[in-house]
$ cat structure-v8.cif   # mmCIF, C-alpha atoms
data_coords
#
loop_
_atom_site.label_atom_id
_atom_site.label_comp_id
_atom_site.auth_asym_id
_atom_site.auth_seq_id
_atom_site.Cartn_x
_atom_site.Cartn_y
_atom_site.Cartn_z
CA MET S 1 -21.70 28.89 6.00
CA SER S 2 -18.06 27.95 6.13
CA SER S 3 -18.73 25.02 8.45
CA HIS S 4 -21.50 23.90 6.07
CA ALA S 5 -19.01 23.98 3.19
CA ASP S 6 -16.46 22.17 5.35
CA SER S 7 -18.88 19.40 6.24
CA ALA S 8 -19.91 19.05 2.58
CA ALA S 9 -16.24 18.79 1.58
CA ARG S 10 -15.66 16.22 4.34
CA ARG S 11 -18.66 14.21 3.15
CA ARG S 12 -17.35 14.24 -0.44
CA SER S 13 -13.93 13.17 0.82
CA LEU S 14 -15.38 10.27 2.78
CA LEU S 15 -17.60 9.26 -0.14
CA PHE S 16 -14.56 9.22 -2.40
CA ILE S 17 -12.69 6.99 0.06
CA ALA S 18 -15.71 4.66 0.37
CA ARG S 19 -15.89 4.34 -3.43
CA PHE S 20 -12.10 3.90 -3.60
CA LEU S 21 -12.11 1.06 -1.02
CA ALA S 22 -15.09 -0.67 -2.65
CA LEU S 23 -13.41 -0.54 -6.08
CA LEU S 24 -10.13 -1.74 -4.60
CA LEU S 25 -11.88 -4.74 -3.09
CA VAL S 26 -13.58 -5.57 -6.42
CA LEU S 27 -10.34 -5.21 -8.40
CA TYR S 28 -8.45 -7.22 -5.78
CA PHE S 29 -10.89 -10.13 -6.11
CA ALA S 30 -10.67 -9.87 -9.91
CA VAL S 31 -6.88 -10.28 -9.92
CA ALA S 32 -6.65 -12.65 -6.93
CA SER S 33 -9.24 -15.11 -8.24
CA HIS S 34 -7.86 -18.16 -10.03
CA PRO S 35 -8.98 -17.16 -13.57
CA GLY S 36 -7.77 -13.56 -13.16
CA ASN S 37 -4.48 -14.64 -11.66
CA ASP S 38 -3.78 -17.47 -14.12
CA ARG S 39 -4.91 -15.73 -17.32
CA ILE S 40 -3.77 -12.16 -16.69
CA ILE S 41 -1.44 -11.72 -13.74
CA VAL S 42 0.93 -14.66 -14.26
CA PRO S 43 1.48 -14.01 -18.03
CA PHE S 44 1.87 -10.28 -17.31
CA THR S 45 4.40 -11.01 -14.55
CA ALA S 46 6.30 -13.31 -16.93
CA LEU S 47 6.40 -10.43 -19.45
CA ILE S 48 7.87 -8.16 -16.76
CA ALA S 49 10.49 -10.83 -16.00
CA ARG S 50 11.43 -11.09 -19.71
CA VAL S 51 11.73 -7.31 -20.18
CA SER S 52 13.70 -7.00 -16.93
CA GLY S 53 15.97 -9.85 -18.07
CA THR S 54 16.65 -8.00 -21.33
CA LEU S 55 17.45 -4.78 -19.43
CA LEU S 56 19.72 -6.66 -17.03
CA ARG S 57 21.64 -8.22 -19.92
CA TRP S 58 22.05 -4.72 -21.41
CA ILE S 59 23.78 -3.58 -18.21
CA GLY S 60 26.04 -6.63 -18.23
CA GLU S 61 24.27 -9.08 -15.89
CA PRO S 62 24.37 -12.62 -17.32
CA VAL S 63 20.80 -13.65 -16.48
CA THR S 64 18.31 -16.18 -17.75
CA VAL S 65 14.56 -15.92 -17.37
CA VAL S 66 12.32 -18.91 -16.71
CA GLY S 67 8.65 -18.02 -16.32
CA THR S 68 8.52 -15.36 -13.62
CA GLU S 69 11.99 -16.13 -12.28
CA ILE S 70 15.19 -14.24 -13.13
CA ARG S 71 18.38 -16.20 -12.46
CA SER S 72 22.11 -15.67 -12.58
CA SER S 73 24.90 -17.85 -11.21
CA SER S 74 24.97 -15.88 -7.94
CA PHE S 75 21.37 -14.77 -7.38
CA SER S 76 17.78 -15.40 -8.41
CA VAL S 77 14.44 -13.73 -7.79
CA GLN S 78 10.89 -14.87 -8.31
CA ILE S 79 8.66 -11.98 -9.30
CA GLU S 80 5.36 -12.32 -7.46
CA ASN S 81 2.29 -10.27 -6.73
CA GLY S 82 3.53 -7.25 -4.85
CA CYS S 83 6.60 -6.99 -7.10
CA ASN S 84 4.87 -6.67 -10.46
CA GLY S 85 3.48 -3.18 -10.01
CA VAL S 86 -0.06 -4.55 -10.09
CA GLU S 87 -0.74 -3.55 -6.46
CA THR S 88 0.11 0.08 -7.21
CA ALA S 89 -1.86 -0.08 -10.46
CA LEU S 90 -4.88 -1.35 -8.47
CA LEU S 91 -4.50 1.54 -6.05
CA PHE S 92 -4.14 4.09 -8.82
CA GLY S 93 -6.98 2.57 -10.88
CA SER S 94 -9.37 2.51 -7.92
CA ALA S 95 -8.60 6.15 -7.08
CA VAL S 96 -9.05 7.29 -10.70
CA LEU S 97 -12.33 5.41 -11.10
CA ALA S 98 -13.65 6.66 -7.75
CA PHE S 99 -12.85 10.29 -8.54
CA PRO S 100 -15.47 12.53 -10.20
CA ALA S 101 -14.26 13.03 -13.79
CA SER S 102 -15.34 12.35 -17.35
CA TRP S 103 -14.82 8.82 -18.70
CA LYS S 104 -12.47 10.12 -21.38
CA ARG S 105 -10.25 11.69 -18.72
CA ARG S 106 -10.44 8.56 -16.58
CA LEU S 107 -9.46 6.24 -19.43
CA LEU S 108 -6.57 8.49 -20.44
CA GLY S 109 -5.44 8.64 -16.81
CA LEU S 110 -5.66 4.87 -16.43
CA ALA S 111 -3.64 4.21 -19.58
CA LEU S 112 -0.89 6.77 -18.93
CA GLY S 113 -0.76 5.98 -15.20
CA PHE S 114 -0.42 2.25 -15.82
CA VAL S 115 2.48 2.81 -18.23
CA ALA S 116 4.21 5.25 -15.84
CA ILE S 117 3.84 2.83 -12.91
CA GLN S 118 5.16 -0.09 -14.93
CA LEU S 119 8.16 1.90 -16.17
CA LEU S 120 9.19 2.71 -12.60
CA ASN S 121 8.48 -0.88 -11.60
CA LEU S 122 10.93 -2.11 -14.26
CA VAL S 123 13.58 0.14 -12.71
CA ARG S 124 12.68 -1.42 -9.35
CA VAL S 125 13.01 -5.02 -10.55
CA VAL S 126 16.30 -4.37 -12.38
CA SER S 127 17.84 -2.42 -9.48
CA LEU S 128 16.69 -4.97 -6.89
CA PHE S 129 18.22 -7.81 -8.89
CA TRP S 130 21.46 -5.84 -9.16
CA ILE S 131 21.42 -5.12 -5.39
CA GLY S 132 20.69 -8.79 -4.65
CA ALA S 133 23.55 -9.94 -6.89
CA HIS S 134 26.15 -7.41 -5.71
CA HIS S 135 25.04 -6.24 -2.24
CA PRO S 136 22.85 -9.07 -0.88
CA THR S 137 22.78 -7.69 2.68
CA LEU S 138 20.88 -4.64 1.42
CA PHE S 139 18.31 -6.65 -0.53
CA THR S 140 15.61 -7.25 2.10
CA GLN S 141 15.22 -3.65 3.27
CA SER S 142 15.52 -2.32 -0.29
CA HIS S 143 12.81 -4.73 -1.39
CA THR S 144 10.39 -4.42 1.52
CA VAL S 145 10.64 -0.81 2.52
CA ILE S 146 12.44 1.39 0.04
CA TRP S 147 11.21 0.29 -3.37
CA GLN S 148 7.68 -0.69 -2.34
CA SER S 149 7.22 2.74 -0.78
CA ILE S 150 8.69 4.55 -3.77
CA VAL S 151 6.43 2.77 -6.28
CA VAL S 152 3.30 3.35 -4.17
CA LEU S 153 4.18 7.02 -3.61
CA TRP S 154 4.77 7.35 -7.35
CA GLY S 155 1.25 5.99 -7.91
CA VAL S 156 -0.21 8.50 -5.43
CA LEU S 157 1.73 11.37 -7.00
CA LEU S 158 0.44 10.38 -10.44
CA PHE S 159 -3.10 10.34 -9.09
CA LEU S 160 -2.68 13.81 -7.54
CA LEU S 161 -1.32 15.14 -10.84
CA TRP S 162 -4.19 13.59 -12.76
CA ALA S 163 -6.83 14.83 -10.30
CA LYS S 164 -5.63 18.43 -10.34
CA PRO S 165 -7.65 20.53 -12.78
CA PRO S 166 -5.60 21.36 -15.90
CA SER S 167 -3.80 24.70 -15.56
CA ARG S 168 -5.53 26.00 -18.72
CA GLU S 169 -8.90 25.44 -17.09
CA ALA S 170 -7.70 27.11 -13.91
CA ALA S 171 -6.38 30.08 -15.89
CA THR S 172 -9.71 30.40 -17.69
CA GLN S 173 -11.53 30.43 -14.40
CA ALA S 174 -9.14 32.93 -12.77
CA MET Q 1 4.61 21.37 -13.37
CA ARG Q 2 6.56 23.38 -10.79
CA ALA Q 3 3.86 22.54 -8.22
CA ALA Q 4 4.21 18.84 -9.03
CA VAL Q 5 7.98 19.00 -8.57
CA ARG Q 6 7.45 20.82 -5.25
CA VAL Q 7 5.08 18.08 -4.07
CA GLY Q 8 7.55 15.45 -5.27
CA TRP Q 9 10.33 17.00 -3.16
CA ARG Q 10 8.04 17.25 -0.13
CA ILE Q 11 7.04 13.61 -0.49
CA LEU Q 12 10.71 12.62 -0.78
CA GLY Q 13 11.56 14.64 2.34
CA GLY Q 14 8.62 13.08 4.18
CA PHE Q 15 9.67 9.63 3.00
CA LEU Q 16 13.19 10.09 4.42
CA ALA Q 17 11.86 11.52 7.70
CA GLY Q 18 9.32 8.68 7.93
CA LEU Q 19 12.02 6.11 7.23
CA ALA Q 20 14.22 7.52 10.02
CA LEU Q 21 11.28 7.51 12.47
CA TRP Q 22 10.24 4.02 11.43
CA LEU Q 23 13.77 2.64 11.86
CA ALA Q 24 14.03 4.26 15.29
CA LEU Q 25 10.62 3.22 16.63
CA SER Q 26 9.95 -0.16 14.95
CA ARG Q 27 11.08 -2.43 17.76
CA PRO Q 28 9.19 -0.77 20.66
CA TYR Q 29 6.18 -0.41 18.34
CA GLU Q 30 6.26 -4.15 17.58
CA ARG Q 31 6.15 -4.92 21.32
CA VAL Q 32 3.02 -2.77 21.69
CA LEU Q 33 1.44 -4.35 18.61
CA ALA Q 34 2.19 -7.87 19.88
CA MET Q 35 0.58 -7.08 23.25
CA GLY Q 36 -2.50 -5.55 21.62
CA ALA Q 37 -3.01 -8.35 19.09
CA GLU Q 38 -2.44 -11.01 21.76
CA PHE Q 39 -5.10 -9.37 23.93
CA LEU Q 40 -7.58 -9.29 21.03
CA ILE Q 41 -6.94 -12.89 19.96
CA ARG Q 42 -7.16 -14.23 23.52
CA ALA Q 43 -10.37 -12.28 24.14
CA PHE Q 44 -12.12 -14.50 21.59
CA GLU Q 45 -10.34 -17.78 22.43
CA SER Q 46 -11.62 -20.37 24.82
CA PRO Q 47 -9.40 -21.35 26.51
CA ALA Q 48 -7.07 -18.38 25.89
CA THR Q 49 -3.84 -19.99 24.75
CA THR Q 50 -2.16 -17.74 22.15
CA ARG Q 51 1.07 -15.99 23.04
CA LEU Q 52 2.62 -13.39 20.71
CA GLU Q 53 6.17 -12.33 21.28
CA ALA Q 54 7.92 -9.51 19.41
CA ARG Q 55 11.47 -10.44 18.48
CA PRO Q 56 13.66 -8.25 16.26
CA GLY Q 57 11.95 -8.22 12.87
CA GLU Q 58 9.27 -10.82 13.64
CA PHE Q 59 6.31 -11.82 15.75
CA VAL Q 60 6.64 -15.33 17.18
CA VAL Q 61 3.40 -17.23 17.74
CA THR Q 62 3.12 -19.88 20.44
CA ARG Q 63 0.21 -21.60 22.13
CA SER Q 64 0.13 -23.14 25.56
CA ASP Q 65 -1.78 -26.17 24.17
CA TRP Q 66 0.96 -27.05 21.66
CA PRO Q 67 3.64 -29.56 22.65
CA PRO Q 68 6.70 -27.69 23.97
CA ALA Q 69 8.92 -29.09 21.21
CA SER Q 70 6.71 -27.95 18.34
CA PRO Q 71 8.13 -25.14 16.17
CA SER Q 72 6.75 -21.63 16.69
CA PRO Q 73 5.85 -19.78 13.49
CA GLY Q 74 7.60 -16.42 13.01
CA LEU Q 75 5.70 -13.70 11.14
CA PRO Q 76 7.71 -10.96 9.41
CA ALA Q 77 7.08 -7.67 11.19
CA ASP Q 78 8.42 -5.08 8.74
CA ASP Q 79 5.94 -6.10 6.03
CA LEU Q 80 3.09 -5.37 8.42
CA HIS Q 81 3.91 -1.83 9.49
CA PHE Q 82 6.38 -0.27 7.03
CA ASN Q 83 3.42 1.64 5.55
CA PHE Q 84 3.92 4.15 8.38
CA VAL Q 85 6.66 5.56 6.11
CA LEU Q 86 4.03 6.10 3.38
CA LEU Q 87 1.73 7.87 5.81
CA VAL Q 88 4.45 10.33 6.85
CA ALA Q 89 5.38 10.97 3.21
CA LEU Q 90 1.74 11.69 2.31
CA PHE Q 91 1.26 14.11 5.19
CA ALA Q 92 4.46 15.86 4.14
CA ALA Q 93 2.93 16.47 0.68
CA GLY Q 94 0.78 19.33 1.98
CA ASP Q 95 2.09 22.78 2.80
CA LYS Q 96 2.23 24.28 6.33
CA ILE Q 97 2.59 20.82 7.81
CA TRP Q 98 3.49 22.18 11.27
CA ARG Q 99 0.14 23.96 11.68
CA SER Q 100 -1.55 22.61 14.83
CA GLY Q 101 -4.54 21.21 12.89
CA ARG Q 102 -2.24 19.26 10.61
CA VAL Q 103 -0.22 17.86 13.49
CA ALA Q 104 -3.44 16.79 15.23
CA ALA Q 105 -4.67 15.18 11.99
CA PHE Q 106 -1.38 13.31 11.70
CA GLY Q 107 -1.83 12.08 15.29
CA VAL Q 108 -5.32 10.81 14.47
CA ALA Q 109 -3.97 9.15 11.31
CA CYS Q 110 -1.26 7.35 13.32
CA GLY Q 111 -3.95 6.10 15.71
CA VAL Q 112 -6.07 4.76 12.86
CA LEU Q 113 -3.03 3.13 11.24
CA PHE Q 114 -2.24 1.44 14.57
CA LEU Q 115 -5.76 -0.08 14.54
CA VAL Q 116 -5.18 -1.25 10.95
CA HIS Q 117 -1.90 -2.90 12.03
CA LEU Q 118 -3.60 -4.59 14.99
CA THR Q 119 -6.35 -5.95 12.75
CA ALA Q 120 -3.83 -7.13 10.15
CA LEU Q 121 -1.77 -8.94 12.80
CA VAL Q 122 -4.88 -10.67 14.19
CA PHE Q 123 -5.74 -11.76 10.64
CA GLU Q 124 -2.18 -12.94 10.03
CA VAL Q 125 -2.10 -15.09 13.17
CA HIS Q 126 -5.47 -16.64 12.34
CA ALA Q 127 -4.35 -17.17 8.72
CA VAL Q 128 -1.36 -19.13 10.05
CA TYR Q 129 -3.58 -21.15 12.38
CA ALA Q 130 -6.08 -21.81 9.58
CA THR Q 131 -3.78 -22.73 6.72
CA ARG Q 132 -0.23 -23.58 7.79
CA LEU Q 133 -0.55 -26.16 10.53
CA GLY Q 134 -1.71 -29.20 8.59
CA ALA Q 135 -4.11 -31.47 10.49
CA TRP Q 136 -4.39 -29.01 13.40
CA SER Q 137 -5.68 -26.34 10.95
CA GLN Q 138 -8.19 -28.77 9.44
CA THR Q 139 -9.49 -29.72 12.86
CA HIS Q 140 -9.90 -26.20 14.24
CA TYR Q 141 -10.95 -24.18 11.15
CA GLY Q 142 -13.71 -24.99 8.66
CA PRO Q 143 -13.52 -24.06 4.96
CA VAL Q 144 -15.34 -20.74 5.42
CA ALA Q 145 -13.15 -19.68 8.33
CA ARG Q 146 -9.99 -20.73 6.44
CA ASN Q 147 -10.96 -18.61 3.43
CA PHE Q 148 -12.05 -15.67 5.58
CA TRP Q 149 -8.79 -15.35 7.54
CA ALA Q 150 -6.48 -16.24 4.64
CA ALA Q 151 -8.21 -13.96 2.10
CA GLY Q 152 -8.40 -11.12 4.64
CA TYR Q 153 -4.69 -11.28 5.28
CA HIS Q 154 -3.88 -11.73 1.57
CA PHE Q 155 -5.92 -8.62 0.78
CA TYR Q 156 -3.87 -6.69 3.33
CA VAL Q 157 -0.59 -7.93 1.80
CA ILE Q 158 -1.54 -7.26 -1.82
CA ALA Q 159 -3.59 -4.07 -1.59
CA GLY Q 160 -4.60 -3.08 1.94
CA ARG Q 161 -1.21 -2.17 3.35
CA PHE Q 162 -0.58 0.23 0.46
CA ALA Q 163 -4.12 1.60 0.38
CA ALA Q 164 -4.43 2.18 4.14
CA PRO Q 165 -2.11 5.22 4.38
CA PHE Q 166 -3.80 6.82 1.34
CA ALA Q 167 -7.34 6.13 2.62
CA ILE Q 168 -6.45 7.51 6.06
CA TRP Q 169 -4.59 10.56 4.72
CA TRP Q 170 -7.12 11.70 2.12
CA PRO Q 171 -9.98 12.80 4.42
CA LEU Q 172 -7.51 14.24 6.95
CA ARG Q 173 -5.22 16.09 4.56
CA GLY Q 174 -6.99 19.44 5.06
CA GLU Q 175 -7.40 22.45 2.81
CA GLY Q 176 -4.39 23.73 0.93
CA SER Q 177 -2.85 20.34 0.20
CA GLU Q 178 -1.54 20.06 -3.27
CA GLY Q 179 -3.89 17.12 -3.37
CA GLU Q 180 -6.87 19.49 -3.03
CA THR Q 181 -8.51 18.76 -6.28
CA ARG Q 182 -11.89 18.44 -7.78
CA GLY Q 183 -13.37 17.57 -4.42
CA ALA Q 184 -13.90 21.25 -3.61
CA GLY Q 185 -12.01 23.63 -5.90
CA TRP Q 186 -13.22 22.09 -9.13
CA ARG Q 187 -16.83 22.17 -7.97
CA ARG Q 188 -16.52 25.83 -6.89
CA ARG Q 189 -15.21 26.80 -10.34
CA ARG Q 190 -17.82 24.67 -12.08
CA ASN Q 191 -20.59 26.36 -10.10
CA ALA Q 192 -19.11 29.80 -10.86
CA ARG Q 193 -19.02 28.90 -14.55
CA LYS Q 194 -22.67 27.80 -14.44
CA ASN Q 195 -23.69 31.04 -12.73
CA ARG Q 196 -22.01 33.28 -15.34
#
$ encode --input "structure-v8.cif" --output "structure tokens"
Amino acid sequence: MSSHADSAARRRSLLFIARFLALLLVLYFAVASHPGNDRIIVPFTALIARVSGTLLRWIGEPVTVVGTEIRSSSFSVQIENGCNGVETALLFGSAVLAFPASWKRRLLGLALGFVAIQLLNLVRVVSLFWIGAHHPTLFTQSHTVIWQSIVVLWGVLLFLLWAKPPSREAATQA
Amino acid sequence: MRAAVRVGWRILGGFLAGLALWLALSRPYERVLAMGAEFLIRAFESPATTRLEARPGEFVVTRSDWPPASPSPGLPADDLHFNFVLLVALFAAGDKIWRSGRVAAFGVACGVLFLVHLTALVFEVHAVYATRLGAWSQTHYGPVARNFWAAGYHFYVIAGRFAAPFAIWWPLRGEGSEGETRGAGWRRRRNARKNR
């Protein structure tokens, strides 16, 4: 009986992952295609650059923003796919859509998750620019390993929080 | 909320442990990856000419049919396999991580991730061959092949390398993970509710 339940749980797990990967592929092609990239991703990335530029000026960095590039006299970064939080949003969105839940709960999760991911991503862009300007030797590892991992793990943690049944429901069932 | 904070701390601990392991093992791992990917690429080449060499932080691609003076492309290595850190952090999210079943599951996950890295490196080398070598690329790769290898590698860079640890971890995470969610527990409660 237990092994039957185990195999059913394993099957559900694998089905979830199959749906997740299929959705990820679809969403990837939507954002990587020319229309998706040019009409949505590039303007969105430029918005991130402008907001990051404003935050950097607040903390005393004399920067200018041109398109998706943030520049100062000593350092400049071009924000590209992979640095705009879209990759983590795709991951989070695919997981939320693949998971069995009501559409209301999914839409709420997508909206709140997207905002939470983008807020952390702004901290990433601002801190990476600061590191690049003041501690350039630390930039590459901070960019490739540290911050990318943190943002993705944040996305996974948000998904786990969303996917857990609400405590009120659990208390009712207890 | 307390459970979420607990998971957050576990993930952070796993992230730091994974980072230390990754920093310690990256270079020998890159040598193994280079050998494996070279074997796979050469297995489908006629004549077999590709050489992959792991140098600190990069894979250098050479071919025996290129002129000796031609530059050898270097492919960044960290970008390819840093997602090992994510895998360790995700496995650390569950409780009782030292239980033998969990350790075995982590071993299986590392094996699967190695296969993902091998595949990604094969795609990356072919993407370089297909798109970055000017006339040589045009001669040896048609439009379909160019798109196949380049899009495959681009998918890995944009989404695949972040999704792989999650997709590998989820079915192997076992009962009792904080991630145990509606997959089983929710359905059990829903069925109990229906039966009342």
$ closest_residue --input "structure-v8.cif" --among "S:Trp162, S:Phe75, S:Trp130, S:Phe44" --to "chain Q" --atoms "all atoms listed in the file"
S:Trp162
$ atom_distance --input "structure-v8.cif" --atom1 "CA of Trp147 (chain S)" --atom2 "CA of Val61 (chain Q)"
28.5 Å
$ resolve_selection --input "structure-v8.cif" --expression "the PyMOL selection byres ((chain Q and resi 3) around 12)" --output "list in words"
Leu157, Leu160, Leu161, Lys164 and Ser167 of chain S; Met1, Arg2, Ala4, Val5, Arg6, Val7, Gly8, Trp9, Arg10, Ala93, Gly94, Asp95, Ser177, Glu178 and Gly179 of chain Q
$ closest_atom_pairs --input "structure-v8.cif" --of "chain S" --to "chain Q" --cutoff "9 Å" --atoms "all atoms listed in the file" --output "CSV"
residue,atom,partner,partner_atom,distance
S:Ala5,CA,Q:Ala184,CA,8.9
S:Ala8,CA,Q:Ala184,CA,8.9
S:Ala9,CA,Q:Ala184,CA,6.2
S:Arg10,CA,Q:Pro171,CA,6.6
S:Arg11,CA,Q:Pro171,CA,8.9
S:Arg12,CA,Q:Gly183,CA,6.5
S:Ser13,CA,Q:Pro171,CA,5.4
S:Leu14,CA,Q:Pro171,CA,6.2
S:Phe16,CA,Q:Gly183,CA,8.7
S:Ile17,CA,Q:Ala167,CA,6.0
S:Ala18,CA,Q:Ala167,CA,8.8
S:Phe20,CA,Q:Ala167,CA,8.1
S:Leu21,CA,Q:Ala167,CA,7.9
S:Leu24,CA,Q:Ala159,CA,7.6
S:Leu25,CA,Q:Phe155,CA,8.1
S:Tyr28,CA,Q:Ala159,CA,7.1
S:Phe29,CA,Q:Phe155,CA,8.6
S:Ala32,CA,Q:Phe155,CA,8.7
S:Asn81,CA,Q:Ile158,CA,6.9
S:Gly82,CA,Q:Ile158,CA,5.9
S:Val86,CA,Q:Ile158,CA,8.8
S:Glu87,CA,Q:Ala159,CA,5.7
S:Thr88,CA,Q:Phe162,CA,7.7
S:Leu90,CA,Q:Ala159,CA,7.5
S:Leu91,CA,Q:Ala163,CA,6.4
S:Phe99,CA,Q:Arg182,CA,8.2
S:Pro100,CA,Q:Arg182,CA,7.3
S:Ala101,CA,Q:Arg182,CA,8.4
S:Gln141,CA,Q:Asp78,CA,8.8
S:Thr144,CA,Q:Asp79,CA,6.6
S:Val145,CA,Q:Phe82,CA,6.2
S:Ile146,CA,Q:Leu19,CA,8.6
S:Gln148,CA,Q:Phe162,CA,8.8
S:Ser149,CA,Q:Leu86,CA,6.2
S:Ile150,CA,Q:Phe15,CA,8.5
S:Val152,CA,Q:Phe162,CA,6.8
S:Leu153,CA,Q:Leu86,CA,7.1
S:Trp154,CA,Q:Gly8,CA,8.8
S:Val156,CA,Q:Phe166,CA,7.8
S:Leu157,CA,Q:Gly8,CA,7.3
S:Phe159,CA,Q:Gly179,CA,8.9
S:Leu160,CA,Q:Gly179,CA,5.5
S:Leu161,CA,Q:Ala4,CA,6.9
S:Ala163,CA,Q:Thr181,CA,5.9
S:Lys164,CA,Q:Thr181,CA,5.0
S:Pro165,CA,Q:Thr181,CA,6.8
S:Ala170,CA,Q:Arg189,CA,8.3
S:Gln173,CA,Q:Arg189,CA,6.6
S:Ala174,CA,Q:Arg189,CA,9.0
$ residues_around --input "structure-v8.cif" --residues "Phe114 (chain Q)" --least-positions-apart "2" --cutoff "12 Å" --atoms "only C-alpha atoms" --output "list of chain:residue names"
Q:Tyr29, Q:Glu30, Q:Val32, Q:Leu33, Q:Ala34, Q:Gly36, Q:Ala37, Q:Leu80, Q:His81, Q:Phe82, Q:Asn83, Q:Phe84, Q:Leu87, Q:Gly107, Q:Val108, Q:Ala109, Q:Cys110, Q:Gly111, Q:Val112, Q:Val116, Q:His117, Q:Leu118, Q:Thr119, Q:Ala120, Q:Leu121, Q:Arg161, Q:Ala164, Q:Pro165, Q:Ile168
$ write_last_selection --input "structure-v8.cif" --atoms "C-alpha atoms" --output "PDB file, keeping the file's coordinate frame"
ATOM      1  CA  TYR Q  29       6.180  -0.410  18.340  1.00  0.00           C
ATOM      2  CA  GLU Q  30       6.260  -4.150  17.580  1.00  0.00           C
ATOM      3  CA  VAL Q  32       3.020  -2.770  21.690  1.00  0.00           C
ATOM      4  CA  LEU Q  33       1.440  -4.350  18.610  1.00  0.00           C
ATOM      5  CA  ALA Q  34       2.190  -7.870  19.880  1.00  0.00           C
ATOM      6  CA  GLY Q  36      -2.500  -5.550  21.620  1.00  0.00           C
ATOM      7  CA  ALA Q  37      -3.010  -8.350  19.090  1.00  0.00           C
ATOM      8  CA  LEU Q  80       3.090  -5.370   8.420  1.00  0.00           C
ATOM      9  CA  HIS Q  81       3.910  -1.830   9.490  1.00  0.00           C
ATOM     10  CA  PHE Q  82       6.380  -0.270   7.030  1.00  0.00           C
ATOM     11  CA  ASN Q  83       3.420   1.640   5.550  1.00  0.00           C
ATOM     12  CA  PHE Q  84       3.920   4.150   8.380  1.00  0.00           C
ATOM     13  CA  LEU Q  87       1.730   7.870   5.810  1.00  0.00           C
ATOM     14  CA  GLY Q 107      -1.830  12.080  15.290  1.00  0.00           C
ATOM     15  CA  VAL Q 108      -5.320  10.810  14.470  1.00  0.00           C
ATOM     16  CA  ALA Q 109      -3.970   9.150  11.310  1.00  0.00           C
ATOM     17  CA  CYS Q 110      -1.260   7.350  13.320  1.00  0.00           C
ATOM     18  CA  GLY Q 111      -3.950   6.100  15.710  1.00  0.00           C
ATOM     19  CA  VAL Q 112      -6.070   4.760  12.860  1.00  0.00           C
ATOM     20  CA  VAL Q 116      -5.180  -1.250  10.950  1.00  0.00           C
ATOM     21  CA  HIS Q 117      -1.900  -2.900  12.030  1.00  0.00           C
ATOM     22  CA  LEU Q 118      -3.600  -4.590  14.990  1.00  0.00           C
ATOM     23  CA  THR Q 119      -6.350  -5.950  12.750  1.00  0.00           C
ATOM     24  CA  ALA Q 120      -3.830  -7.130  10.150  1.00  0.00           C
ATOM     25  CA  LEU Q 121      -1.770  -8.940  12.800  1.00  0.00           C
ATOM     26  CA  ARG Q 161      -1.210  -2.170   3.350  1.00  0.00           C
ATOM     27  CA  ALA Q 164      -4.430   2.180   4.140  1.00  0.00           C
ATOM     28  CA  PRO Q 165      -2.110   5.220   4.380  1.00  0.00           C
ATOM     29  CA  ILE Q 168      -6.450   7.510   6.060  1.00  0.00           C
TER      30      ILE Q 168
END
$ residues_around --input "structure-v8.cif" --residues "region 114-119 of chain S" --least-positions-apart "2" --cutoff "9 Å" --atoms "only C-alpha atoms" --output "PyMOL selection string"
chain S and resi 48+84-86+88-89+92-93+109-112+121-124+151-152+154-155+158
$ residues_around --input "structure-v8.cif" --residues "Ile41 (chain Q)" --least-positions-apart "5" --cutoff "9 Å" --atoms "all atoms listed in the file" --output "PyMOL selection string"
chain Q and resi 36+48+50+122+125-126
$ atom_distance --input "structure-v8.cif" --atom1 "CA of Ser52 (chain S)" --atom2 "CA of Leu138 (chain S)"
19.8 Å
